[in-house]
Protein chains: 2
Amino acid sequence: MNDTALRIKQTALRLFTEYGFEGTSLSDIAQSVGIKTPSIYAHYKSKEQLFIRLVEDVITEERDKWLQIMDGEDARGRSAKERLRMLFDFFTDFTGMSAGQSFLKRTMLVPPRGLEERIRADIIAYEETLSSFLRGLLREAEAEAGVEKPADRGEQQIAVFYALIDGLLVEFQLYDAATHRKRIEAVWDWLWEGITRGG
Amino acid sequence: MNDTALRIKQTALRLFTEYGFEGTSLSDIAQSVGIKTPSIYAHYKSKEQLFIRLVEDVITEERDKWLQIMDGEDARGRSAKERLRMLFDFFTDFTGMSAGQSFLKRTMLVPPRGLEERIRADIIAYEETLSSFLRGLLREAEAEAGVEKPADRGEQQIAVFYALIDGLLVEFQLYDAATHRKRIEAVWDWLWEGITRGG
DNA sequence: TCATCTGCCTAACGAACGTTAGTTAGTTAA
DNA sequence: TTAACTAACTAACGTTCGTTAGGCAGATGA
């Protein structure tokens, strides 16, 4: 992947995230990259294919990112609580490095016409990887916190975890950074208290 | 508002919700209504204005709906827990009557270009009404459940409530009805346990 | 050195978009 | 009965869209 192709992809990610697939034209992308519209076709054979490639690549990159975070030296030796918080932070940091998360969620909520099923399938598969990892981490966190009746709350916790991070993304659109930051903290406190509460 | 104008609005609500503003053309709407495209202009002066009217009307209708539910005879005499659950159901029943909720959330996440600020302001004002109502209901629920230290968890509870219902909407796109129903139940149980947990 | 390849360009295409103008049939009101 | 109004229509407008064709400069490799 050469330099221009990469810049097209990065720009497309930003614009698709902000305005959606139909709300972003190839000329928007080209202008922002600094090339003429037809030059995009030297790198991607259609707008639709650019989008599909983007979804696939973003999924791969995001997965690599949090896998690496969880496997990095920062995470080693930390408690399960701390590692869970790192993961929570990763999925609720919509401003920073993880613009890909916003893109995926928005794409899921308003997918391009005709690509609904394909995208849904890709994202479900992605989330399955995450769920699997989460299950282990949550069990670890419960054990660490000395929860008496861990029972099989796993799926409930995962459902809540997803609902919370997805919900925070929606609200991120609505509120200023300070308000949003406070809400993230409130939600995390609540989440952690719930996990340590036991069943 | 005559019959055709109403049908245009209802159809637009459905199509805008499914495909977004830019993803829905006036000819899509006209065809679905059973009229020719320019006939829309007999009722709305532009596509943008149709959308704005739709947002305003949906906000008014949705607010009226849950206010009426909370004020209706079904709610009278019920416990705060039951009433909170009724509200929770209202905001997580995306299949049924409350298509307006999906429309508002999606519009918030991917607003039409140029209308971002206007829509944001409208929805924030709407949510403020809801927050105000929720505050009272949550306090009532805490008192009813005999929570010892109600402290000032109000804002935290509201943040969690919003995050959960917004998150469930995003996930509704992803999972089948049965899975989603299970997740809703799991999330509610968690929410209620958290409320009665106390601070 | 010369042929090939690459990445970008300009020009232009047909299709679809939102919108306006002008017309017509049906209803309402004087 | 006739005038005015309403809500739909057909025709057509200019613009923008995604896309294709063809050319040209610079880098690459034999």
# chains A, B, ... in the order shown; residues from 1 in each chain; ligands from 1
call {"tool": "interface_residues", "arguments": {"of": "chain B", "to": "chain C", "cutoff": "12 Å", "atoms": "only C-alpha atoms (C1' of nucleotides)", "output": "number ranges by chain"}}
result
B: 22-28, 37-41, 44-48
call {"tool": "write_last_selection", "arguments": {"atoms": "C-alpha atoms", "output": "short mmCIF file (atom, residue, chain, number, x, y, z; two decimals), in the first residue's frame"}}
result
data_model
loop_
_atom_site.label_atom_id
_atom_site.label_comp_id
_atom_site.auth_asym_id
_atom_site.auth_seq_id
_atom_site.Cartn_x
_atom_site.Cartn_y
_atom_site.Cartn_z
CA GLU B 22 -28.42 11.50 2.23
CA GLY B 23 -29.21 7.84 1.62
CA THR B 24 -32.88 8.59 1.04
CA SER B 25 -33.98 10.47 -2.08
CA LEU B 26 -37.22 12.36 -2.50
CA SER B 27 -38.08 9.97 -5.31
CA ASP B 28 -37.70 7.08 -2.85
CA THR B 37 -41.58 13.41 -6.68
CA PRO B 38 -42.52 17.06 -7.29
CA SER B 39 -45.83 16.55 -5.50
CA ILE B 40 -43.92 16.51 -2.25
CA TYR B 41 -43.32 20.22 -2.79
CA TYR B 44 -42.95 20.74 2.16
CA LYS B 45 -40.83 23.44 0.66
CA SER B 46 -37.61 21.42 0.56
CA LYS B 47 -36.07 18.10 1.55
CA GLU B 48 -34.20 19.80 4.34
#
call {"tool": "interface_residues", "arguments": {"of": "chain D", "to": "chain A", "cutoff": "9 Å", "atoms": "only C-alpha atoms (C1' of nucleotides)", "output": "ChimeraX atom specification"}}
result
/D:17-19
call {"tool": "write_last_selection", "arguments": {"atoms": "C-alpha atoms (C1' of nucleotides)", "output": "PDB file, in the first residue's frame"}}
result
ATOM      1  C1'  DC D  17     -22.615  12.086  -8.570  1.00  0.00           C
ATOM      2  C1'  DG D  18     -19.699   7.859  -9.634  1.00  0.00           C
ATOM      3  C1'  DT D  19     -17.192   6.329 -13.312  1.00  0.00           C
TER       4       DT D  19
END
call {"tool": "closest_residue", "arguments": {"among": "B:Arg76, B:Leu130, B:Thr17, B:Thr4", "to": "chain A", "atoms": "only C-alpha atoms"}}
result
B:Thr17
call {"tool": "closest_atom_pairs", "arguments": {"of": "chain A", "to": "chain B", "cutoff": "6 Å", "atoms": "only C-alpha atoms", "output": "CSV"}}
result
residue,atom,partner,partner_atom,distance
A:Glu22,CA,B:Gly23,CA,5.4
A:Gly23,CA,B:Glu22,CA,5.4
A:Gln156,CA,B:Ala186,CA,5.2
A:Ala159,CA,B:Arg183,CA,5.8
A:Val160,CA,B:Val187,CA,5.6
A:Ala163,CA,B:Gly167,CA,4.0
A:Leu164,CA,B:Ala163,CA,5.2
A:Asp166,CA,B:Gly167,CA,4.4
A:Gly167,CA,B:Gly167,CA,3.7
A:Leu168,CA,B:Ala163,CA,5.4
A:Arg183,CA,B:Ala159,CA,5.8
A:Ala186,CA,B:Gln156,CA,5.2
A:Val187,CA,B:Val160,CA,5.6
call {"tool": "write_last_selection", "arguments": {"atoms": "N, CA, C and O atoms", "output": "tab-separated table (two decimals), in the first residue's frame"}}
result
chain	number	residue	atom	x	y	z
A	22	GLU	N	-23.21	7.74	2.11
A	22	GLU	CA	-23.88	8.54	1.08
A	22	GLU	C	-23.64	10.04	1.27
A	22	GLU	O	-23.74	10.78	0.31
A	23	GLY	N	-23.31	10.44	2.48
A	23	GLY	CA	-23.08	11.85	2.74
A	23	GLY	C	-21.67	12.31	2.39
A	23	GLY	O	-21.36	13.48	2.48
A	156	GLN	N	-24.38	-11.73	30.98
A	156	GLN	CA	-25.02	-10.48	31.39
A	156	GLN	C	-23.99	-9.35	31.46
A	156	GLN	O	-24.23	-8.25	30.96
A	159	ALA	N	-23.14	-8.25	28.01
A	159	ALA	CA	-24.22	-7.45	27.44
A	159	ALA	C	-24.18	-6.02	27.97
A	159	ALA	O	-24.32	-5.05	27.23
A	160	VAL	N	-23.97	-5.91	29.28
A	160	VAL	CA	-23.92	-4.58	29.89
A	160	VAL	C	-22.69	-3.80	29.40
A	160	VAL	O	-22.78	-2.62	29.07
A	163	ALA	N	-23.40	-2.60	25.90
A	163	ALA	CA	-24.42	-1.55	25.89
A	163	ALA	C	-23.84	-0.24	26.40
A	163	ALA	O	-24.09	0.83	25.83
A	164	LEU	N	-23.00	-0.32	27.42
A	164	LEU	CA	-22.44	0.90	27.99
A	164	LEU	C	-21.47	1.60	27.04
A	164	LEU	O	-21.55	2.81	26.84
A	166	ASP	N	-21.29	1.25	23.79
A	166	ASP	CA	-22.02	1.73	22.61
A	166	ASP	C	-22.84	2.97	22.94
A	166	ASP	O	-22.90	3.92	22.17
A	167	GLY	N	-23.45	2.95	24.10
A	167	GLY	CA	-24.26	4.09	24.51
A	167	GLY	C	-23.42	5.33	24.71
A	167	GLY	O	-23.82	6.43	24.34
A	168	LEU	N	-22.24	5.15	25.26
A	168	LEU	CA	-21.37	6.30	25.47
A	168	LEU	C	-20.94	6.93	24.15
A	168	LEU	O	-20.75	8.14	24.05
A	183	ARG	N	-19.39	11.54	32.48
A	183	ARG	CA	-20.31	10.41	32.31
A	183	ARG	C	-19.55	9.10	32.17
A	183	ARG	O	-19.98	8.06	32.67
A	186	ALA	N	-18.62	8.08	35.62
A	186	ALA	CA	-19.80	7.59	36.34
A	186	ALA	C	-20.16	6.19	35.90
A	186	ALA	O	-20.47	5.31	36.71
A	187	VAL	N	-20.11	5.98	34.60
A	187	VAL	CA	-20.48	4.67	34.05
A	187	VAL	C	-19.47	3.60	34.47
A	187	VAL	O	-19.84	2.49	34.84
call {"tool": "select_by_dssp", "arguments": {"residues": "stretch 3-167 of chain A", "states": "helix (DSSP H, G or I)", "output": "VMD selection string"}}
result
chain A and resid 3 to 19 26 to 33 37 to 42 47 to 71 80 to 92 99 to 109 116 to 145 154 to 167
call {"tool": "residues_around", "arguments": {"residues": "stretch 144-147 of chain A", "least_positions_apart": "5", "cutoff": "8 Å", "atoms": "only C-alpha atoms (C1' of nucleotides)", "output": "ChimeraX atom specification"}}
result
/A:79-80,196-198
